[in-house]
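So this one's query01.pdb, PDB, C-alpha atoms:
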MODEL        1
ATOM      1  CA  MET H   1      -7.795 -22.321 -23.527
ATOM      2  CA  SER H   2     -10.557 -20.163 -24.969
ATOM      3  CA  VAL H   3     -12.473 -17.806 -22.690
ATOM      4  CA  VAL H   4     -15.781 -19.300 -23.862
ATOM      5  CA  LYS H   5     -14.626 -22.792 -22.874
ATOM      6  CA  ILE H   6     -13.674 -21.501 -19.435
ATOM      7  CA  ALA H   7     -16.952 -19.592 -19.028
ATOM      8  CA  GLY H   8     -19.176 -22.517 -20.029
ATOM      9  CA  PRO H   9     -18.849 -24.666 -16.895
ATOM     10  CA  TYR H  10     -19.402 -21.650 -14.631
ATOM     11  CA  ALA H  11     -22.538 -20.654 -16.532
ATOM     12  CA  GLU H  12     -23.799 -24.243 -16.478
ATOM     13  CA  ALA H  13     -23.159 -24.531 -12.738
ATOM     14  CA  LEU H  14     -25.084 -21.322 -12.067
ATOM     15  CA  LEU H  15     -27.947 -22.575 -14.240
ATOM     16  CA  GLU H  16     -28.075 -25.875 -12.334
ATOM     17  CA  LEU H  17     -28.044 -24.029  -9.029
ATOM     18  CA  ALA H  18     -30.837 -21.701 -10.141
ATOM     19  CA  VAL H  19     -32.976 -24.607 -11.349
ATOM     20  CA  SER H  20     -32.420 -26.601  -8.151
ATOM     21  CA  ASN H  21     -33.353 -23.549  -6.035
ATOM     22  CA  SER H  22     -36.376 -22.768  -8.244
ATOM     23  CA  SER H  23     -34.900 -19.325  -8.835
ATOM     24  CA  LEU H  24     -34.134 -19.441 -12.557
ATOM     25  CA  LYS H  25     -36.215 -16.369 -13.370
ATOM     26  CA  GLU H  26     -34.620 -14.360 -10.544
ATOM     27  CA  THR H  27     -31.097 -15.472 -11.447
ATOM     28  CA  THR H  28     -31.702 -14.682 -15.113
ATOM     29  CA  ASN H  29     -32.846 -11.201 -14.114
ATOM     30  CA  ASP H  30     -29.716 -10.837 -11.961
ATOM     31  CA  MET H  31     -27.429 -11.813 -14.831
ATOM     32  CA  ASN H  32     -29.237  -9.338 -17.081
ATOM     33  CA  ILE H  33     -28.470  -6.627 -14.520
ATOM     34  CA  VAL H  34     -24.822  -7.711 -14.351
ATOM     35  CA  SER H  35     -24.540  -7.743 -18.152
ATOM     36  CA  GLN H  36     -26.010  -4.251 -18.375
ATOM     37  CA  PHE H  37     -23.585  -2.919 -15.775
ATOM     38  CA  LEU H  38     -20.628  -4.392 -17.624
ATOM     39  CA  ALA H  39     -21.869  -3.178 -21.007
ATOM     40  CA  ASN H  40     -22.394   0.358 -19.700
ATOM     41  CA  SER H  41     -19.232   0.667 -17.620
ATOM     42  CA  SER H  42     -15.926  -0.039 -19.274
ATOM     43  CA  ASP H  43     -14.255   1.204 -16.078
ATOM     44  CA  LEU H  44     -15.929  -1.544 -14.035
ATOM     45  CA  LYS H  45     -14.894  -4.142 -16.582
ATOM     46  CA  LYS H  46     -11.289  -2.888 -16.526
ATOM     47  CA  PHE H  47     -11.301  -2.794 -12.718
ATOM     48  CA  LEU H  48     -12.510  -6.392 -12.406
ATOM     49  CA  GLY H  49      -9.986  -7.555 -15.007
ATOM     50  CA  ASN H  50      -7.016  -5.802 -13.411
ATOM     51  CA  PRO H  51      -4.773  -8.424 -11.751
ATOM     52  CA  LEU H  52      -3.081  -5.778  -9.579
ATOM     53  CA  ILE H  53      -6.288  -5.054  -7.663
ATOM     54  CA  THR H  54      -6.832  -7.297  -4.652
ATOM     55  CA  ARG H  55      -9.655  -9.789  -4.431
ATOM     56  CA  GLU H  56     -11.025  -8.023  -1.375
ATOM     57  CA  ALA H  57     -11.184  -4.707  -3.232
ATOM     58  CA  LYS H  58     -13.028  -6.382  -6.112
ATOM     59  CA  LYS H  59     -15.472  -8.040  -3.712
ATOM     60  CA  ASN H  60     -16.155  -4.735  -1.974
ATOM     61  CA  VAL H  61     -16.844  -2.947  -5.250
ATOM     62  CA  ILE H  62     -19.167  -5.724  -6.415
ATOM     63  CA  LYS H  63     -21.052  -5.631  -3.104
ATOM     64  CA  ASP H  64     -21.316  -1.839  -3.244
ATOM     65  CA  ILE H  65     -22.528  -1.723  -6.843
ATOM     66  CA  LEU H  66     -24.655  -4.858  -7.139
ATOM     67  CA  GLY H  67     -25.353  -5.944  -3.567
ATOM     68  CA  GLU H  68     -28.764  -4.291  -3.350
ATOM     69  CA  GLN H  69     -29.810  -5.164  -6.903
ATOM     70  CA  ILE H  70     -29.192  -8.893  -7.186
ATOM     71  CA  SER H  71     -30.055 -11.914  -5.066
ATOM     72  CA  LEU H  72     -27.778 -13.324  -2.407
ATOM     73  CA  VAL H  73     -27.203 -16.469  -4.495
ATOM     74  CA  SER H  74     -26.032 -14.421  -7.478
ATOM     75  CA  LEU H  75     -23.864 -12.246  -5.256
ATOM     76  CA  LYS H  76     -22.224 -15.336  -3.739
ATOM     77  CA  PHE H  77     -21.605 -16.642  -7.261
ATOM     78  CA  LEU H  78     -19.802 -13.398  -8.143
ATOM     79  CA  MET H  79     -17.706 -13.713  -4.963
ATOM     80  CA  LEU H  80     -16.789 -17.251  -6.025
ATOM     81  CA  LEU H  81     -15.657 -15.923  -9.407
ATOM     82  CA  VAL H  82     -13.433 -13.408  -7.622
ATOM     83  CA  ASP H  83     -11.961 -16.152  -5.411
ATOM     84  CA  ARG H  84     -11.298 -18.385  -8.421
ATOM     85  CA  GLY H  85      -9.739 -15.566 -10.432
ATOM     86  CA  ARG H  86     -12.480 -15.699 -13.073
ATOM     87  CA  ILE H  87     -14.203 -12.379 -12.441
ATOM     88  CA  ALA H  88     -12.370 -10.866 -15.430
ATOM     89  CA  ILE H  89     -14.522 -12.998 -17.748
ATOM     90  CA  LEU H  90     -17.789 -12.185 -15.982
ATOM     91  CA  ASP H  91     -19.226 -10.662 -19.157
ATOM     92  CA  VAL H  92     -18.695 -13.913 -21.060
ATOM     93  CA  ILE H  93     -20.009 -16.028 -18.177
ATOM     94  CA  SER H  94     -23.156 -13.910 -17.824
ATOM     95  CA  GLN H  95     -23.821 -13.995 -21.580
ATOM     96  CA  LYS H  96     -23.343 -17.767 -21.670
ATOM     97  CA  PHE H  97     -25.689 -18.144 -18.695
ATOM     98  CA  LEU H  98     -28.335 -16.020 -20.426
ATOM     99  CA  GLU H  99     -28.032 -18.162 -23.565
ATOM    100  CA  LEU H 100     -28.460 -21.355 -21.525
ATOM    101  CA  SER H 101     -31.360 -19.886 -19.560
ATOM    102  CA  ASN H 102     -33.148 -18.804 -22.730
ATOM    103  CA  LYS H 103     -32.577 -22.225 -24.276
ATOM    104  CA  LYS H 104     -34.005 -23.908 -21.187
ATOM    105  CA  ASP H 105     -37.111 -21.722 -21.432
ATOM    106  CA  SER H 106     -37.299 -22.322 -25.219
ATOM    107  CA  ILE H 107     -36.657 -18.662 -25.953
ATOM    108  CA  GLU H 108     -34.882 -17.657 -29.150
ATOM    109  CA  ILE H 109     -33.478 -14.169 -29.632
ATOM    110  CA  ALA H 110     -34.328 -12.658 -32.995
ATOM    111  CA  LYS H 111     -32.600  -9.640 -34.480
ATOM    112  CA  VAL H 112     -34.602  -7.761 -37.068
ATOM    113  CA  THR H 113     -32.922  -5.587 -39.677
ATOM    114  CA  SER H 114     -35.110  -3.273 -41.712
ATOM    115  CA  ALA H 115     -34.382  -0.745 -44.444
ATOM    116  CA  VAL H 116     -36.831   1.661 -42.780
ATOM    117  CA  PRO H 117     -37.770   2.053 -39.114
ATOM    118  CA  LEU H 118     -40.715  -0.128 -38.084
ATOM    119  CA  SER H 119     -43.737   1.527 -36.520
ATOM    120  CA  GLY H 120     -44.983   0.352 -33.145
ATOM    121  CA  GLN H 121     -47.834  -1.493 -34.825
ATOM    122  CA  GLN H 122     -45.447  -3.223 -37.243
ATOM    123  CA  GLN H 123     -43.189  -4.240 -34.344
ATOM    124  CA  LYS H 124     -46.138  -5.753 -32.459
ATOM    125  CA  ALA H 125     -47.342  -7.595 -35.563
ATOM    126  CA  LEU H 126     -43.866  -9.022 -36.168
ATOM    127  CA  ALA H 127     -43.516 -10.071 -32.529
ATOM    128  CA  GLU H 128     -46.858 -11.896 -32.714
ATOM    129  CA  LYS H 129     -45.833 -13.745 -35.879
ATOM    130  CA  LEU H 130     -42.581 -14.866 -34.263
ATOM    131  CA  LYS H 131     -44.320 -16.317 -31.191
TER     132      LYS H 131
ENDMDL
END
Kindly transcribe the structure held in the file into structure tokens.
Amino acid sequence: MSVVKIAGPYAEALLELAVSNSSLKETTNDMNIVSQFLANSSDLKKFLGNPLITREAKKNVIKDILGEQISLVSLKFLMLLVDRGRIAILDVISQKFLELSNKKDSIEIAKVTSAVPLSGQQQKALAEKLK
């Protein structure tokens, strides 16, 4: 089974929970923080994906690193992923959640490629046109 197919239901469940708790903005911010940590730390990603490391050790590391930076709901979700053996695909789950959250808020991500660097004024003008 593909990792994206496995990640989808977890991301959808977190989205539903966030909407029902009226904490979508907070949860989206939390998942952005998680994504940044994983993108910037290959060691953390390897640690969470290592099947030889106990669940308790993974939970402790997550609490130590993210406990003060994300909400209790998001932290509990990460603990659930550890318990279910899905923490290794946290990067995919968080990205899928962010996609779903943006879609819910009618936000589209645009990537601009330019032959020359855009000035600050050009960037603002482009952003206004895309709104």
### Message
Which residues are near range 35-42 of chain H? Cut-off 10 Å, all atoms listed in the file, ignore same chain within fewer than 4 positions. Put them as a PyMOL selection string.
### Response
chain H and resi 29-31+46-48+65-66+90-95+98
### Message
Which residues, named as in the file, does the PyMOL selection byres ((chain H and resi 77) around 12) pick out? Answer as an MDAnalysis selection string.
### Response
chainID H and resid 10:11 13:15 17:18 27 30:31 34 59 62:63 67 70:76 78:84 86:87 90 93:94
### Message
If I take CA of Ala125 in chain H and CA of Ile33 in chain H, how far is one from the other in Å, to one decimal?
### Response
28.3 Å
### Summary
Between CA of Asn102 in chain H and CA of Ile6 in chain H lies a distance of 19.9 Å
## Note on the structure
With distances taken over all atoms listed in the file, the candidate from H:Ser22, H:Gln122, H:Thr28, H:Ser2 nearest Lys103 in chain H is H:Thr28
### Task
Pick out the closest residue to Ser23 in chain H from this set: H:Ser101, H:Gly120, H:Gln69, H:Pro9. Count only C-alpha atoms.
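Closest to Ser23 in chain H, using only C-alpha atoms: H:Ser101.
Reported to one decimal place, the separation of CA of Lys96 in chain H from CA of Ala7 in chain H is 7.2 Å.
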### Task
Check the smallest atom-to-atom distance from each of H:Lys5, H:Arg55, H:Lys111, H:Lys104 to Lys25 in chain H using only C-alpha atoms, then report the winner.
H:Lys104
